[in-house]
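What follows is a short report on a single structure.
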Amino acid sequence: MPRIDTPVKRLFQLRPADWARYMDPVCREEWVKHFQTDFTPRKESRLDNVLEIADPAGPYLLNLEPMGYRDATLPARMLRYRADMWEATLKKGRGTPSIRQVVIFFYEADDNGLHHLRDRWNGGILDYAYIVLRVWEQYRQDVIASRLVGLYPLLPLMKGGKPDETPREALQESIDAVQIVQDESVKKELLAVMAILAGRKYSVELVRSMIRREMIMESAIFQEWVKDIVEEKTALKTQEAICKFLSAKFGDISRDLQGRVKRIGNVDTLDAILDRIFTADSLKDATYIVDTVSQSQA
């Protein structure tokens, strides 16, 4: 199943203030802006998913972390993001502002239930947690009534007004909410993300019959997602070719290196490795090729 990283990222870019207002109903749109920093963490981070909230009662940073997959390391990763934010603000002489972190799960299967870290040592205590928002526990009507347009793609994943609601009824109510959005380009973006996200909960046939391709194919997010799918398939084929060579040439001792190759998602990096890997006369040579190409492409 294709990853949903691209549509999810776009989801948070469409109407970021709507997310801030959903987390805090008293928040005003003019208080919200994207967190701007030139700080680059040593490891991959999500500082682009951070909003600055100029609340007169006390400003704070809002870190939104969407989760469309299961991750056993999530609490540790969220703690690192908090450290990255404070490192960025400390470098700018802004101290350590208050941070509210929210992890948003779209699907129940992705929630491993571990969202708390504790540690104790001589004179020190760590008791760390964050807010967990489970979309399937939220009510669709609340979002529609508040006109939080930025959350409309999530409507099919939310609870409806009646317990015996059918999938068709849930999708129809969600689509109807989007249809009243006046900006046609925004409407197409919302429907495109909705179709992609709903495809993991409802049958593909039902989603396609109600959100037709012609309704969303001009959407930039849909086109980008299709491009990502093509690149992902290309990457998988290239990984397979490299791993087949390693297995045939070096046997079981190459399993660890094959595992590393399978974790490389960049198509250009994989192509560069494939171009050189056939010159490897030993597993050491193959490992050197994978390492040097990966570093040069980083």
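Here, A, B, ... name the chains of the structure tokens in the order displayed, residue numbers run from 1 inside each chain, and ligands are numbered from 1 in the same displayed order.
For Val290 of chain A, the residues within 8 Å (counting only C-alpha atoms, excluding itself and residues fewer than 6 positions away along the chain) are Val261, Ile273 and Ile277 of chain A.
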Hey, could you make a per-residue contact list for segment 26-120 of chain A against segment 175-198 of chain A with 12 Å as the cut-off, showing the nearest pair of atoms and its distance in Å to one decimal, counting only C-alpha atoms, sorted by chain and number, as a Markdown table?
| residue | atom | partner | partner_atom | distance |
| --- | --- | --- | --- | --- |
| A:Met67 | CA | A:Leu197 | CA | 11.9 |
| A:Gly68 | CA | A:Leu197 | CA | 9.2 |
| A:Phe105 | CA | A:Leu197 | CA | 11.8 |
| A:Phe106 | CA | A:Leu197 | CA | 8.3 |
| A:Tyr107 | CA | A:Leu197 | CA | 9.5 |
message: Which residues are close to Glu173 of chain A, i.e. within 12 Å by only C-alpha atoms, leaving aside same-chain residues fewer than 5 positions away? Reply as an MDAnalysis selection string.
response: chainID A and resid 140:141 144 152:161 165:168 178:180 210
task: Do a neighbour search on Ala129 of chain A at 9 Å with only C-alpha atoms, toss out local chain neighbours closer than 6 positions, and write the hits as a ChimeraX atom specification.
output: /A:75,78-79,101,115-118
Could the residues in this selection be saved with C-alpha atoms as a short mmCIF file (atom, residue, chain, number, x, y, z; two decimals), in the first residue's frame?
data_model
loop_
_atom_site.label_atom_id
_atom_site.label_comp_id
_atom_site.auth_asym_id
_atom_site.auth_seq_id
_atom_site.Cartn_x
_atom_site.Cartn_y
_atom_site.Cartn_z
CA PRO A 75 7.91 8.48 22.11
CA MET A 78 8.84 12.98 19.82
CA LEU A 79 11.23 13.71 22.68
CA GLN A 101 3.08 18.32 21.10
CA HIS A 115 3.10 7.40 24.62
CA HIS A 116 4.87 7.91 27.93
CA LEU A 117 8.56 7.84 28.89
CA ARG A 118 9.80 7.69 32.46
#
Could I get the residues of segment 65-119 of chain A with an atom no further than 12 Å from an atom of segment 15-20 of chain A, each paired with its nearest atom pair and that distance in Å to one decimal, using only C-alpha atoms, sorted by chain and residue number, as JSON lines?
{"residue": "A:Glu65", "atom": "CA", "partner": "A:Trp19", "partner_atom": "CA", "distance": 11.5}
{"residue": "A:Pro66", "atom": "CA", "partner": "A:Trp19", "partner_atom": "CA", "distance": 11.6}
{"residue": "A:Arg100", "atom": "CA", "partner": "A:Ala20", "partner_atom": "CA", "distance": 10.6}
{"residue": "A:Gln101", "atom": "CA", "partner": "A:Ala20", "partner_atom": "CA", "distance": 11.4}
{"residue": "A:Val102", "atom": "CA", "partner": "A:Trp19", "partner_atom": "CA", "distance": 10.4}
{"residue": "A:Ile104", "atom": "CA", "partner": "A:Trp19", "partner_atom": "CA", "distance": 10.8}
- prompt: atom CA of Gln13 of chain A to atom CA of Leu133 of chain A: how many Å, to one decimal?
  reply: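 Those two atoms sit 18.3 Å apart.
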- request: Using backbone DSSP assignments, extract all strand (DSSP E) residues from segment 60-226 of chain A; output them as a PyMOL selection string.
  value: chain A and resi 60-67+98-105+116-121+124-129+131-134
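Take the candidates A:Leu90, A:Ile53, A:Leu114, A:Val132 and check each one against Asp71 of chain A using only C-alpha atoms; the shortest distance goes to A:Leu114.
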- line: The distance between atom CA of Trp31 of chain A and atom CA of Val149 of chain A is 17.6 Å
Interatomic distance, atom CA of Leu14 of chain A to atom CA of Gly150 of chain A (Å, one decimal): 5.9 Å
Option closest in space to Leu151 of chain A, from A:Leu11, A:Val293, A:Leu283, A:Leu47 [counting only C-alpha atoms]: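 When distances to Leu151 of chain A are compared using only C-alpha atoms, the smallest one comes from A:Leu11.
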message: Show me, as a VMD selection string, the residues that have an atom within 12 Å of Tyr288 of chain A when counting only C-alpha atoms, minus same-chain residues fewer than 4 positions from it.
response: chain A and resid 257 273 276 to 277 279 to 284 292 to 295
Residue selection dump (N, CA and C atoms) as a PDB file, in the first residue's frame:
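Below is the file that was written, again_37.pdb:
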ATOM      1  N   LEU A 257      23.540  -6.416   4.692  1.00  0.00           N
ATOM      2  CA  LEU A 257      23.710  -5.374   3.676  1.00  0.00           C
ATOM      3  C   LEU A 257      22.441  -5.241   2.834  1.00  0.00           C
ATOM      4  N   ILE A 273      23.998   3.062  -6.856  1.00  0.00           N
ATOM      5  CA  ILE A 273      24.523   1.824  -6.266  1.00  0.00           C
ATOM      6  C   ILE A 273      24.454   0.693  -7.284  1.00  0.00           C
ATOM      7  N   ARG A 276      27.220   0.537  -9.815  1.00  0.00           N
ATOM      8  CA  ARG A 276      28.571   0.180  -9.355  1.00  0.00           C
ATOM      9  C   ARG A 276      28.656  -1.182  -8.681  1.00  0.00           C
ATOM     10  N   ILE A 277      27.514  -1.707  -8.223  1.00  0.00           N
ATOM     11  CA  ILE A 277      27.558  -2.891  -7.368  1.00  0.00           C
ATOM     12  C   ILE A 277      28.107  -4.119  -8.086  1.00  0.00           C
ATOM     13  N   THR A 279      30.624  -4.372  -9.849  1.00  0.00           N
ATOM     14  CA  THR A 279      32.097  -4.395  -9.846  1.00  0.00           C
ATOM     15  C   THR A 279      32.650  -4.962  -8.549  1.00  0.00           C
ATOM     16  N   ALA A 280      31.784  -5.243  -7.588  1.00  0.00           N
ATOM     17  CA  ALA A 280      32.233  -5.721  -6.272  1.00  0.00           C
ATOM     18  C   ALA A 280      32.670  -7.180  -6.344  1.00  0.00           C
ATOM     19  N   ASP A 281      33.910  -7.446  -5.930  1.00  0.00           N
ATOM     20  CA  ASP A 281      34.439  -8.817  -5.912  1.00  0.00           C
ATOM     21  C   ASP A 281      34.311  -9.458  -4.538  1.00  0.00           C
ATOM     22  N   SER A 282      33.982  -8.656  -3.528  1.00  0.00           N
ATOM     23  CA  SER A 282      33.829  -9.187  -2.173  1.00  0.00           C
ATOM     24  C   SER A 282      32.712  -8.428  -1.478  1.00  0.00           C
ATOM     25  N   LEU A 283      32.224  -8.992  -0.370  1.00  0.00           N
ATOM     26  CA  LEU A 283      31.179  -8.315   0.408  1.00  0.00           C
ATOM     27  C   LEU A 283      31.708  -7.000   0.965  1.00  0.00           C
ATOM     28  N   LYS A 284      32.987  -6.961   1.272  1.00  0.00           N
ATOM     29  CA  LYS A 284      33.600  -5.719   1.747  1.00  0.00           C
ATOM     30  C   LYS A 284      33.521  -4.646   0.669  1.00  0.00           C
ATOM     31  N   THR A 292      29.653   4.546   0.426  1.00  0.00           N
ATOM     32  CA  THR A 292      30.162   5.770  -0.222  1.00  0.00           C
ATOM     33  C   THR A 292      29.096   6.443  -1.080  1.00  0.00           C
ATOM     34  N   VAL A 293      28.300   5.645  -1.792  1.00  0.00           N
ATOM     35  CA  VAL A 293      27.238   6.239  -2.612  1.00  0.00           C
ATOM     36  C   VAL A 293      26.186   6.891  -1.739  1.00  0.00           C
ATOM     37  N   SER A 294      25.799   6.215  -0.666  1.00  0.00           N
ATOM     38  CA  SER A 294      24.779   6.773   0.237  1.00  0.00           C
ATOM     39  C   SER A 294      25.240   8.082   0.841  1.00  0.00           C
ATOM     40  N   GLN A 295      26.518   8.138   1.246  1.00  0.00           N
ATOM     41  CA  GLN A 295      27.059   9.377   1.840  1.00  0.00           C
ATOM     42  C   GLN A 295      27.144  10.510   0.824  1.00  0.00           C
TER      43      GLN A 295
END
message: Taking the DSSP secondary structure from the backbone, can you list the residues of segment 22-125 of chain A that are helix (DSSP H, G or I), as a list in words?
response: Tyr22, Met23, Glu29, Glu30, Trp31, Leu47, Asp48, Asn49, Leu74, Pro75, Ala76, Arg77, Met78, Leu79, Arg80, Tyr81, Arg82, Ala83, Asp84, Met85, Trp86, Glu87, Ala88, Thr89, Leu90, Lys91, Glu108, Ala109 and Asp110 of chain A
field: Spatial neighbours of segment 237-240 of chain A, 7 Å, only C-alpha atoms, chain gap at least 5 places, as a PyMOL selection string
entry: chain A and resi 261-262+270-271
